[in-house]
Structures are given as structure tokens and as C-alpha cells.
file input02.txt (compact mmCIF, C-alpha atoms and all ligand atoms)
# COMPACT_ATOMS: atom_id res chain seq x y z
CA MET A 1 0.00 0.00 0.00
CA GLY A 2 2.76 2.37 0.99
CA GLN A 3 4.31 1.89 -2.42
CA ARG A 4 1.31 3.38 -4.15
CA SER A 5 2.14 6.93 -3.25
CA VAL A 6 5.72 6.74 -4.52
CA LYS A 7 4.81 5.03 -7.80
CA ARG A 8 5.49 7.23 -10.80
CA PRO A 9 2.22 8.32 -12.35
CA GLU A 10 1.30 7.38 -15.88
CA ILE A 11 1.40 10.50 -18.03
CA ILE A 12 -0.81 10.96 -21.07
CA ILE A 13 -0.02 14.01 -23.20
CA VAL A 14 -2.55 15.21 -25.77
CA THR A 15 -0.99 17.37 -28.45
CA GLY A 16 -1.89 18.71 -31.90
CA ALA A 17 -2.86 21.91 -33.72
CA GLY A 18 -5.10 24.58 -32.19
CA GLY A 19 -8.82 23.86 -32.33
CA VAL A 20 -8.62 20.09 -33.01
CA GLY A 21 -10.14 19.25 -29.64
CA LYS A 22 -7.09 18.79 -27.38
CA THR A 23 -8.72 20.32 -24.32
CA THR A 24 -11.99 18.47 -24.90
CA LEU A 25 -10.24 15.13 -25.47
CA SER A 26 -7.97 15.60 -22.44
CA ALA A 27 -10.94 16.27 -20.19
CA GLY A 28 -12.85 13.31 -21.65
CA ILE A 29 -9.90 10.92 -21.34
CA ALA A 30 -9.32 12.06 -17.75
CA ALA A 31 -12.99 11.54 -16.91
CA VAL A 32 -12.88 7.98 -18.30
CA VAL A 33 -9.53 7.07 -16.74
CA ALA A 34 -10.72 8.30 -13.32
CA GLN A 35 -13.49 5.67 -13.50
CA ARG A 36 -10.92 2.80 -13.50
CA PRO A 37 -10.75 4.03 -10.66
CA ALA A 38 -7.49 5.95 -10.66
CA ARG A 39 -6.54 9.17 -8.96
CA THR A 40 -6.40 11.37 -12.03
CA LEU A 41 -5.38 14.95 -12.67
CA VAL A 42 -6.25 16.78 -15.88
CA ILE A 43 -3.86 19.65 -16.56
CA THR A 44 -5.27 22.15 -18.98
CA VAL A 45 -4.02 25.40 -20.43
CA ASP A 46 -6.86 27.20 -22.14
CA PRO A 47 -10.26 25.67 -21.36
CA ALA A 48 -13.29 27.39 -22.85
CA ARG A 49 -15.54 28.94 -20.23
CA ARG A 50 -18.13 26.15 -20.14
CA LEU A 51 -15.52 23.42 -20.05
CA ALA A 52 -13.77 25.18 -17.17
CA ASP A 53 -17.10 25.28 -15.34
CA ALA A 54 -17.61 21.54 -15.89
CA LEU A 55 -14.14 20.88 -14.50
CA GLY A 56 -14.88 23.08 -11.52
CA ILE A 57 -12.07 25.47 -12.39
CA ALA A 58 -12.72 29.11 -11.67
CA MET A 59 -11.18 31.02 -14.57
CA ARG A 60 -9.74 33.89 -12.61
CA ASP A 61 -8.85 32.34 -9.35
CA SER A 62 -6.02 33.18 -7.00
CA THR A 63 -5.56 29.43 -6.62
CA THR A 64 -4.21 28.86 -10.12
CA ASN A 65 -1.77 25.97 -10.39
CA ARG A 66 -3.52 24.36 -7.44
CA PRO A 67 -5.57 21.30 -8.48
CA THR A 68 -9.17 21.12 -7.28
CA PRO A 69 -11.65 18.21 -7.32
CA VAL A 70 -13.96 17.96 -10.33
CA PRO A 71 -17.56 17.76 -9.09
CA ASN A 72 -19.27 14.36 -9.57
CA ALA A 73 -16.34 12.77 -11.39
CA GLY A 74 -14.84 10.27 -8.94
CA PRO A 75 -11.17 10.69 -8.01
CA LEU A 76 -10.63 13.36 -10.67
CA ASP A 77 -8.91 16.69 -10.09
CA ALA A 78 -8.36 19.50 -12.56
CA VAL A 79 -6.02 22.42 -12.77
CA MET A 80 -5.60 25.28 -15.18
CA LEU A 81 -2.00 26.31 -15.68
CA ASP A 82 -1.02 29.91 -15.24
CA VAL A 83 2.37 30.21 -16.88
CA THR A 84 3.19 33.58 -15.34
CA ALA A 85 2.58 32.20 -11.86
CA SER A 86 4.60 29.12 -12.86
CA TRP A 87 7.58 31.27 -13.81
CA GLU A 88 7.52 32.95 -10.45
CA ALA A 89 7.61 29.52 -8.83
CA ILE A 90 10.40 28.34 -11.14
CA THR A 91 12.47 31.40 -10.29
CA ARG A 92 11.96 30.91 -6.57
CA ARG A 93 12.91 27.25 -6.93
CA HIS A 94 16.18 27.87 -8.77
CA ALA A 95 17.44 31.27 -7.60
CA THR A 96 18.28 32.94 -4.31
CA PRO A 97 15.41 34.99 -2.83
CA GLU A 98 17.26 38.20 -3.69
CA VAL A 99 17.71 37.26 -7.35
CA ALA A 100 14.16 35.88 -7.54
CA ASP A 101 12.74 39.18 -6.27
CA ARG A 102 14.75 41.17 -8.76
CA LEU A 103 13.87 38.87 -11.67
CA THR A 104 10.15 38.78 -11.06
CA ASP A 105 10.15 42.59 -10.85
CA ASN A 106 12.13 42.92 -14.06
CA GLN A 107 10.00 43.96 -17.02
CA TYR A 108 12.08 41.91 -19.50
CA PHE A 109 11.70 38.81 -17.40
CA ARG A 110 7.95 39.32 -17.25
CA ALA A 111 7.77 39.89 -21.00
CA VAL A 112 9.67 36.66 -21.67
CA ALA A 113 7.53 34.68 -19.21
CA ASP A 114 4.29 36.08 -20.63
CA ARG A 115 4.90 36.10 -24.34
CA PHE A 116 7.71 33.78 -25.32
CA PRO A 117 6.14 30.47 -26.45
CA ALA A 118 9.16 28.41 -25.36
CA ALA A 119 8.98 29.98 -21.90
CA GLN A 120 5.27 29.20 -21.63
CA SER A 121 5.77 25.63 -22.75
CA TYR A 122 8.70 25.20 -20.40
CA ALA A 123 6.69 26.52 -17.47
CA ALA A 124 3.91 24.05 -18.31
CA GLY A 125 6.45 21.21 -18.45
CA GLU A 126 8.01 22.13 -15.13
CA GLN A 127 4.60 22.32 -13.51
CA VAL A 128 3.73 18.87 -14.90
CA ALA A 129 6.97 17.53 -13.39
CA GLU A 130 5.98 19.00 -10.01
CA PHE A 131 2.61 17.26 -10.12
CA ALA A 132 4.23 14.00 -11.25
CA GLN A 133 6.66 14.04 -8.33
CA SER A 134 4.02 14.84 -5.74
CA GLY A 135 2.77 11.24 -5.68
CA ASN A 136 -0.80 12.52 -5.38
CA TRP A 137 -2.03 11.03 -8.66
CA ASP A 138 -1.87 7.73 -10.56
CA VAL A 139 -2.51 9.34 -13.94
CA LEU A 140 -1.83 12.82 -15.29
CA VAL A 141 -3.59 13.87 -18.48
CA VAL A 142 -1.84 16.86 -20.01
CA ASP A 143 -3.44 19.25 -22.49
CA THR A 144 -0.64 21.06 -24.31
CA PRO A 145 -0.34 24.73 -25.28
CA PRO A 146 -1.07 25.05 -29.00
CA ALA A 147 2.27 26.63 -30.01
CA GLU A 148 3.80 24.98 -33.11
CA GLY A 149 1.30 22.15 -33.18
CA GLY A 150 2.56 20.86 -29.84
CA ILE A 151 6.17 20.41 -30.92
CA GLU A 152 7.17 23.43 -28.89
CA PHE A 153 6.02 21.75 -25.69
CA PHE A 154 8.43 18.87 -26.20
CA MET A 155 11.29 21.07 -27.39
CA ALA A 156 10.94 23.58 -24.57
CA PRO A 157 13.16 21.92 -21.94
CA ARG A 158 16.07 21.78 -24.35
CA ARG A 159 15.44 25.25 -25.74
CA MET A 160 15.30 26.66 -22.24
CA ARG A 161 18.60 25.03 -21.37
CA GLU A 162 20.12 26.43 -24.54
CA LEU A 163 18.77 29.89 -23.85
CA VAL A 164 19.86 30.14 -20.24
CA GLY A 165 23.17 28.34 -20.63
CA GLY A 166 23.73 29.07 -24.27
CA ARG A 167 26.50 30.79 -26.10
CA LEU A 168 24.73 34.12 -26.50
CA LEU A 169 24.03 34.48 -22.83
CA ARG A 170 27.50 33.26 -21.85
CA TRP A 171 29.01 35.73 -24.21
CA LEU A 172 26.89 38.54 -22.85
CA THR A 173 27.35 37.72 -19.22
CA GLY A 174 30.64 35.84 -19.05
CA ALA A 175 31.30 32.20 -18.27
CA ARG A 176 31.99 32.78 -14.60
CA ILE A 177 29.21 34.73 -13.03
CA PRO A 178 30.93 36.13 -9.91
CA GLY A 179 33.86 37.64 -11.82
CA ARG A 180 31.63 39.01 -14.49
CA ARG A 181 29.29 40.54 -11.99
CA MET A 182 32.22 42.34 -10.39
CA PHE A 183 33.36 43.57 -13.77
CA TYR A 184 29.83 44.62 -14.48
CA ARG A 185 29.51 46.57 -11.22
CA THR A 186 32.79 48.42 -11.54
CA ALA A 187 33.11 48.95 -15.28
CA ALA A 188 30.05 48.11 -17.30
CA ARG A 189 27.29 49.52 -15.14
CA PRO A 190 28.61 53.12 -15.11
CA MET A 191 28.85 52.92 -18.89
CA LEU A 192 25.32 51.59 -19.21
CA ARG A 193 24.10 54.24 -16.78
CA LEU A 194 25.68 56.91 -18.95
CA ALA A 195 24.10 55.45 -22.08
CA ASP A 196 20.77 55.13 -20.31
CA SER A 197 20.85 58.74 -19.20
CA LEU A 198 21.41 59.73 -22.82
CA LEU A 199 18.53 57.48 -23.91
CA GLY A 200 16.39 58.81 -21.08
CA SER A 201 15.53 55.44 -19.51
CA ALA A 202 17.09 52.63 -17.46
CA LEU A 203 16.81 50.29 -20.42
CA LEU A 204 20.33 48.92 -20.82
CA GLU A 205 21.01 48.58 -17.13
CA GLU A 206 17.79 46.68 -16.65
CA ILE A 207 18.54 44.34 -19.54
CA ALA A 208 22.02 43.63 -18.21
CA ASP A 209 20.64 42.93 -14.73
CA PHE A 210 18.12 40.59 -16.26
CA LEU A 211 20.71 38.64 -18.22
CA LEU A 212 23.03 38.25 -15.27
CA ASP A 213 20.22 37.10 -13.01
CA LEU A 214 18.94 34.71 -15.64
CA ARG A 215 22.37 33.07 -15.80
CA THR A 216 22.20 32.19 -12.12
CA LEU A 217 19.13 30.05 -12.84
CA TYR A 218 21.12 27.83 -15.16
CA ASP A 219 22.19 24.92 -12.93
CA GLY A 220 18.76 24.40 -11.42
CA LEU A 221 17.03 24.84 -14.73
CA ALA A 222 19.38 22.51 -16.59
CA ALA A 223 18.87 19.68 -14.09
CA ARG A 224 15.13 20.17 -14.06
CA ALA A 225 14.90 20.42 -17.84
CA ALA A 226 16.70 17.09 -18.17
CA ALA A 227 14.21 15.53 -15.73
CA ILE A 228 11.28 16.93 -17.72
CA ASP A 229 12.78 15.50 -20.90
CA ARG A 230 12.94 12.05 -19.28
CA LEU A 231 9.35 12.41 -18.07
CA PHE A 232 8.16 13.29 -21.57
CA GLY A 233 10.14 10.35 -22.93
CA GLN A 234 8.11 7.95 -20.75
CA ALA A 235 4.76 9.61 -21.39
CA LYS A 236 2.08 8.30 -23.67
CA VAL A 237 1.76 10.86 -26.45
CA LEU A 238 -1.50 11.19 -28.35
CA VAL A 239 -1.51 13.46 -31.40
CA ALA A 240 -4.96 14.84 -32.16
CA THR A 241 -6.12 15.97 -35.58
CA THR A 242 -9.27 16.59 -37.59
CA ASP A 243 -9.79 16.35 -41.34
CA SER A 244 -8.81 20.01 -41.75
CA PRO A 245 -5.72 20.28 -43.98
CA GLY A 246 -4.00 22.61 -41.50
CA ALA A 247 -4.47 20.21 -38.60
CA MET A 248 -3.29 17.26 -40.70
CA ARG A 249 -0.20 19.20 -41.73
CA GLU A 250 0.59 20.00 -38.10
CA ALA A 251 0.15 16.35 -37.12
CA GLY A 252 2.49 15.35 -39.94
CA ARG A 253 5.01 17.94 -38.82
CA PHE A 254 4.95 16.48 -35.33
CA PHE A 255 5.83 13.07 -36.70
CA SER A 256 8.60 14.40 -38.92
CA SER A 257 10.15 16.29 -35.97
CA LEU A 258 10.55 13.10 -33.99
CA PRO A 259 14.34 12.95 -34.17
CA GLU A 260 14.49 16.27 -32.29
CA ILE A 261 11.93 15.56 -29.60
CA ASN A 262 12.95 12.18 -28.13
CA THR A 263 9.28 11.20 -27.79
CA ALA A 264 7.45 8.85 -30.13
CA PRO A 265 3.70 9.41 -30.47
CA ASP A 266 1.75 6.37 -29.30
CA ALA A 267 -1.37 7.10 -31.29
CA LEU A 268 -3.19 9.50 -33.55
CA ILE A 269 -6.64 10.61 -32.49
CA PHE A 270 -8.79 11.58 -35.42
CA ASN A 271 -11.41 13.86 -33.89
CA ARG A 272 -14.70 15.01 -35.45
CA THR A 273 -15.15 11.84 -37.47
CA LEU A 274 -18.26 11.66 -39.67
CA PRO A 275 -20.04 8.30 -40.10
CA ASP A 276 -19.03 6.42 -43.27
CA ARG A 277 -22.66 5.50 -43.93
CA TRP A 278 -23.33 9.17 -44.73
CA ILE A 279 -21.22 8.78 -47.87
CA THR A 280 -23.89 6.73 -49.61
CA ALA A 281 -26.99 8.04 -47.82
CA ARG A 282 -29.27 9.83 -50.26
CA GLY A 283 -32.24 11.10 -48.26
CA PRO A 284 -35.99 10.90 -48.98
CA LYS A 285 -37.21 10.60 -52.60
CA GLY A 286 -40.34 12.78 -52.25
CA THR A 287 -41.02 16.09 -54.04
CA GLU A 288 -42.13 18.10 -51.01
CA ALA A 289 -39.96 21.14 -50.27
CA GLU A 290 -38.87 19.45 -47.06
CA ASP A 291 -37.73 16.32 -48.91
CA ILE A 292 -35.80 18.35 -51.47
CA ALA A 293 -34.08 20.32 -48.71
CA LEU A 294 -33.17 17.08 -46.92
CA ARG A 295 -31.79 15.54 -50.11
CA GLU A 296 -29.64 18.57 -50.78
CA ASN A 297 -28.47 18.51 -47.22
CA MET A 298 -27.57 14.84 -47.44
CA ALA A 299 -25.76 15.37 -50.74
CA ARG A 300 -23.58 18.04 -49.15
CA TRP A 301 -22.84 15.92 -46.09
CA SER A 302 -22.10 12.96 -48.31
CA ILE A 303 -19.26 14.97 -49.84
CA GLU A 304 -18.02 15.99 -46.38
CA ALA A 305 -18.20 12.43 -45.10
CA ARG A 306 -16.20 11.17 -48.08
CA ARG A 307 -13.58 13.86 -47.54
CA ASN A 308 -13.46 12.91 -43.88
CA ARG A 309 -12.98 9.20 -44.66
CA ASP A 310 -10.33 9.94 -47.31
CA ALA A 311 -8.44 12.11 -44.84
CA ARG A 312 -8.53 9.33 -42.23
CA GLN A 313 -7.29 6.76 -44.72
CA GLU A 314 -4.59 9.04 -46.03
CA VAL A 315 -3.23 9.91 -42.60
CA ALA A 316 -3.42 6.29 -41.37
CA ALA A 317 -1.42 5.16 -44.39
CA ARG A 318 1.15 7.94 -44.04
CA LEU A 319 1.80 7.78 -40.30
CA ALA A 320 2.56 4.32 -39.03
CA VAL A 321 0.86 4.50 -35.64
CA PRO A 322 -2.38 3.20 -34.11
CA MET A 323 -5.32 5.48 -34.87
CA ALA A 324 -8.45 6.11 -32.84
CA THR A 325 -11.50 7.89 -34.19
CA VAL A 326 -13.74 10.16 -32.15
CA PRO A 327 -17.21 11.04 -33.48
CA TRP A 328 -18.27 14.56 -34.33
CA LEU A 329 -21.07 15.26 -31.88
CA ARG A 330 -23.91 17.63 -32.68
CA GLN A 331 -23.58 19.26 -29.29
CA PRO A 332 -20.04 20.14 -28.18
CA PRO A 333 -19.52 18.17 -24.96
CA THR A 334 -19.21 20.55 -22.05
CA ASP A 335 -20.17 18.54 -18.98
CA ILE A 336 -18.36 15.62 -17.40
CA SER A 337 -20.81 12.92 -18.44
CA SER A 338 -20.92 14.00 -22.10
CA LEU A 339 -17.11 14.35 -22.14
CA ALA A 340 -16.75 10.80 -20.83
CA ASP A 341 -19.43 9.68 -23.29
CA LEU A 342 -17.47 11.14 -26.21
CA ILE A 343 -14.44 9.03 -25.26
CA THR A 344 -16.54 5.91 -24.66
CA ARG A 345 -18.04 6.30 -28.15
CA ALA A 346 -14.60 6.65 -29.72
CA SER A 347 -13.31 3.67 -31.61
CA GLY A 348 -9.84 2.26 -30.99
CA LEU A 349 -9.12 4.54 -28.05
CA ASP A 350 -9.74 2.06 -25.22
CA THR A 351 -6.92 -0.23 -26.36
CA ILE A 352 -4.59 2.74 -26.68
CA LEU A 353 -5.44 3.93 -23.18
CA GLU A 354 -5.31 0.46 -21.61
CA SER A 355 -2.02 -0.71 -23.07
CA ALA A 356 -0.04 1.35 -20.55
CA GLU A 357 -1.20 -0.67 -17.56
N1 LIG B 1 -15.86 15.44 -31.11
C1 LIG B 1 -16.39 16.66 -31.01
N2 LIG B 1 -17.68 16.89 -31.35
C2 LIG B 1 -18.20 18.14 -31.27
N3 LIG B 1 -17.52 19.22 -30.87
C3 LIG B 1 -16.23 19.07 -30.52
C4 LIG B 1 -15.59 17.79 -30.56
N4 LIG B 1 -14.31 17.94 -30.16
C5 LIG B 1 -14.15 19.26 -29.86
N5 LIG B 1 -15.30 19.94 -30.08
C6 LIG B 1 -15.52 21.39 -29.93
O1 LIG B 1 -14.54 22.03 -30.77
C7 LIG B 1 -14.06 23.22 -30.16
C8 LIG B 1 -12.55 23.19 -30.01
O2 LIG B 1 -12.19 22.19 -29.08
P1 LIG B 1 -11.02 22.39 -28.02
O3 LIG B 1 -11.01 21.17 -27.17
O4 LIG B 1 -11.12 23.69 -27.33
O5 LIG B 1 -9.77 22.38 -29.00
P2 LIG B 1 -8.22 22.74 -28.69
O6 LIG B 1 -8.01 22.58 -27.23
O7 LIG B 1 -7.44 21.74 -29.50
O8 LIG B 1 -8.02 24.12 -29.17
C9 LIG B 1 -14.79 23.33 -28.82
O9 LIG B 1 -15.90 24.16 -29.00
C10 LIG B 1 -15.24 21.90 -28.55
O10 LIG B 1 -16.38 21.86 -27.75
MG MG B 2 -7.30 23.90 -25.88
call {"tool": "encode", "arguments": {"input": "input02.txt", "output": "C-alpha cells"}}
result
Amino acid sequence: MGQRSVKRPEIIIVTGAGGVGKTTLSAGIAAVVAQRPARTLVITVDPARRLADALGIAMRDSTTNRPTPVPNAGPLDAVMLDVTASWEAITRRHATPEVADRLTDNQYFRAVADRFPAAQSYAAGEQVAEFAQSGNWDVLVVDTPPAEGGIEFFMAPRRMRELVGGRLLRWLTGARIPGRRMFYRTAARPMLRLADSLLGSALLEEIADFLLDLRTLYDGLAARAAAIDRLFGQAKVLVATTDSPGAMREAGRFFSSLPEINTAPDALIFNRTLPDRWITARGPKGTEAEDIALRENMARWSIEARRNRDARQEVAARLAVPMATVPWLRQPPTDISSLADLITRASGLDTILESAE
């Protein structure tokens, strides 16, 4: 029994282009997995209002990054990631309190944390690692930020390491921080101050402070980034797509970036699948206006259904990985039971989800 809490959780990462249903699928998968039963946490980045309500997440809550129980969903918790708050936590974890205070007050640091996609993805990854290490959950279901069709999320630990420990920053700040800081205090800072006074702002000095402080994060960040990389390497990765050409392209790009991301996708989820029987359905034969409208409608949907099937066949043939199909529901699922229902009605997904056990 005691072993249960130290067991590494199973991690399921749902990735793919924006709008393909990542957040919906993550919530649905989490709802189904929790019924095993398993202590499950769904980690989401950008839930739509109604989905957030179903998950019991208050959108603007001071308790961001703190998981809360999902109402009526068994042992299921949910959390919405706040990357800015995550960066504050990361800074406090890896820097001295003095440096952390200065960094979080620095406008360049805040700009990077807020707007830089790699920084957002990295913050999400580090937060996932925190939850994984807590021992509080058996399964984590991770909804990824939509940057670069999900690739960014997997690249972020390495990119972060390169940024903070990389050549540019070393060149700017010196290989040995203490010596360089001394040099900076005695020689560089007065120069920057002079330049700043000519420019009429504390721009250069603040940038230099930022870069030096960022360098001190390197050791902690590098170790953590390597741990996140290992975690991602063990995770089950599900790439979601729809029949939209853009989404299919992104999914393909994910597969062709594999050499760089050390993570092999375990399955493709084809969301918003139309029934094949619609391809040949013709509608009523009558001559009433209603019948004619229905026939026209069916004819249009027949074309869509064929396109949908062709896209599924094409992508299945191109990407050698198990594929699950999820039906296109008339009503977008926004409560826990319809989210779980969506996943239960999927075909091929149960084997993909079970095979990890
Ligand atoms: N299988 C489905 N059937 C019907 N609507 C869906 C389905 N999957 C997703 N949706 C809807 O599509 C929209 C985008 O889904 P979302 O999960 O937010 O995508 P993403 O997180 O990839 O941007 C939402 O309105 C969602 O309710
Ligand atoms: Mg989303």
C-alpha cells in the first residue's frame, strides 16, 4: 500500500494543432480514466468557459496551479496552468530569494515569461513535473499549449537550457558569473548608466541585470529540464487531428520532428469523425420542399463524409501509428458525463489507453 504513493504516475499528453479538440479530449480521457478508478489529474491550459465550469475550475482564481476536485467525477482533479505564476515559482525554486525578487520585478523577465512560447511551454512542463513528483495522482492527463502544433512543448526543456546556458548568454554575461558581476559593477554599469541617461531610460542597465540574473538560474534549470525530458520520454503521447488540412499538416510535422523531440507518439486521435454510412446516404425521394431540402443537405454531407474518410485513410497510411476515431457530436460536450461519453463512443481509443497498464 505504501508503495502506491511513490509510484510514478502514468502521463498521457494530448498534443496537436489549435482547435482540433485537445482540451476536450484531455478532459474526456481524464474523466474515463478516473473511473478505472485511478486518482487522475487533468492539466489544462486554455479551457473554454463552459468546459472550465464543468471541470470546476474558476477562470480567474487566485488558486491557479492548485488542483481542485472535479464535481461528480470520482477521483478526478483538474487544474488550469497559469504560466506567469509558474515562472515565479520556477524562479523561486532555482534562484536565491534576492535574485528571484529582482527577476520577477524585471519587465524583461515578465515579458519573456508572458509572451515567449518556449517559456510558456517550459513553465507548463516544469509544472507537470511537479505534479508527477508529488505522488498525489496515478494518472496525469496533459493538455498542451497550442504553439507549433505541440512540438514546442516537447522542445521547450532543451530550448530553455540552450537559452539560459547558451552561447549568446554566456558571451553577454561571461562564463563565470561572480567575476563578471564584479566587472559589471565596476566597469560596465557606469557605462550603461551613462548610455541610459542619454537614452532617457534605465533600459540597458535593466537588460544587463536581467541577463546576469537569468544566468544564475542555469544549474537548477538545466537539471530540471533534463528531468522533464525524461518524463516526456516515458509519457504516452496522443496526437490529435481533424480532417482540416491545417491540422493534418501539423500532425504530420509532429511526426517528422521526432528525431528532435525524443518522444514517439503512441497514437493519432482523429477527432470530429463523420459516419461512413453518410457517404452513400441519399435522403428521402419525395417532391415536397422538405424532402428536397433534406436531399440537398444529405448530398452536401455525403461529400463531407467522403472527404473525412479519405483524410482518415490518407493519414493512417502515411503515419505508421495506431489510430483512434472520435465522433463529431452535434452538441459540443461541455459537462463531465458527455465528455466521458465522447471518449466511450470513440473507436480504438480504449486499447490505446489500456495498453499502458
Ligand atoms: N468530437 C467533437 N464533437 C463536437 N464538438 C467538438 C468535438 N471535439 C471538440 N469539439 C468542440 O470544438 C471546439 C474546439 O475544441 P477544443 O477542445 O477547445 O480544441 P483545442 O483545445 O485543440 O483548441 C470546442 O468548442 C469543442 O467543444
Ligand atoms: Mg485547448
call {"tool": "residues_near_ligand", "arguments": {"input": "input02.txt", "ligand": "ligand LIG 1 (chain B)", "cutoff": "8 Å", "atoms": "only C-alpha atoms and all ligand atoms", "output": "number ranges by chain"}}
result
A: 15-26, 46-48, 51, 143, 146, 240, 271-273, 326-334, 342
call {"tool": "residues_around", "arguments": {"input": "input02.txt", "residues": "A:Arg282", "least_positions_apart": "3", "cutoff": "8 Å", "atoms": "all atoms listed in the file", "output": "VMD selection string"}}
result
chain A and resid 295 298 to 299
call {"tool": "residues_around", "arguments": {"input": "input02.txt", "residues": "A:Trp301", "least_positions_apart": "4", "cutoff": "9 Å", "atoms": "all atoms listed in the file", "output": "compact mmCIF listing (two decimals) with C-alpha atoms, in the coordinates of the input"}}
result
# COMPACT_ATOMS: atom_id res chain seq x y z
CA LEU A 274 -18.26 11.66 -39.67
CA TRP A 278 -23.33 9.17 -44.73
CA ILE A 279 -21.22 8.78 -47.87
CA GLU A 296 -29.64 18.57 -50.78
CA ASN A 297 -28.47 18.51 -47.22
CA ALA A 305 -18.20 12.43 -45.10
CA ARG A 306 -16.20 11.17 -48.08
call {"tool": "residues_near_point", "arguments": {"input": "input02.txt", "point": "(-1.0, 15.2, -29.6)", "cutoff": "8 Å", "atoms": "only C-alpha atoms", "output": "VMD selection string"}}
result
chain A and resid 13 to 16 22 144 150 237 to 241 251 265 268 to 269
call {"tool": "atom_distance", "arguments": {"input": "input02.txt", "atom1": "atom CA of A:Gln35", "atom2": "atom CA of A:Pro75"}}
result
7.8 Å
call {"tool": "residues_around", "arguments": {"input": "input02.txt", "residues": "A:Ala118", "least_positions_apart": "3", "cutoff": "6 Å", "atoms": "only C-alpha atoms", "output": "JSON, numbers by chain"}}
result
{"A": [121, 122, 156]}
call {"tool": "atom_distance", "arguments": {"input": "input02.txt", "atom1": "atom CA of A:Leu204", "atom2": "atom CA of A:Arg158"}}
result
27.7 Å
call {"tool": "atom_distance", "arguments": {"input": "input02.txt", "atom1": "atom CA of A:Arg115", "atom2": "atom CA of A:Thr84"}}
result
9.5 Å
call {"tool": "residues_around", "arguments": {"input": "input02.txt", "residues": "stretch 217-231 of chain A", "least_positions_apart": "2", "cutoff": "9 Å", "atoms": "all atoms listed in the file", "output": "count of residues only"}}
result
31
call {"tool": "closest_residue", "arguments": {"input": "input02.txt", "among": "A:Pro117, A:Gly28, A:Gly74, A:Pro145", "to": "ligand MG 2 (chain B)", "atoms": "all atoms listed in the file"}}
result
A:Pro145
call {"tool": "closest_residue", "arguments": {"input": "input02.txt", "among": "A:Ile12, A:Val83, A:Val32, A:Leu212", "to": "A:Ala340", "atoms": "all atoms listed in the file"}}
result
A:Val32
call {"tool": "closest_residue", "arguments": {"input": "input02.txt", "among": "A:Ala324, A:Val142, A:Ala78, A:Ala264", "to": "A:Asp350", "atoms": "all atoms listed in the file"}}
result
A:Ala324
call {"tool": "closest_residue", "arguments": {"input": "input02.txt", "among": "A:Ser338, A:Ser257, A:Thr44, A:Ser302", "to": "ligand MG 2 (chain B)", "atoms": "only C-alpha atoms and all ligand atoms"}}
result
A:Thr44
call {"tool": "residues_near_point", "arguments": {"input": "input02.txt", "point": "(-9.6, 12.8, -42.9)", "cutoff": "8 Å", "atoms": "only C-alpha atoms", "output": "PyMOL selection string"}}
result
chain A and resi 242-244+270+273+307-315
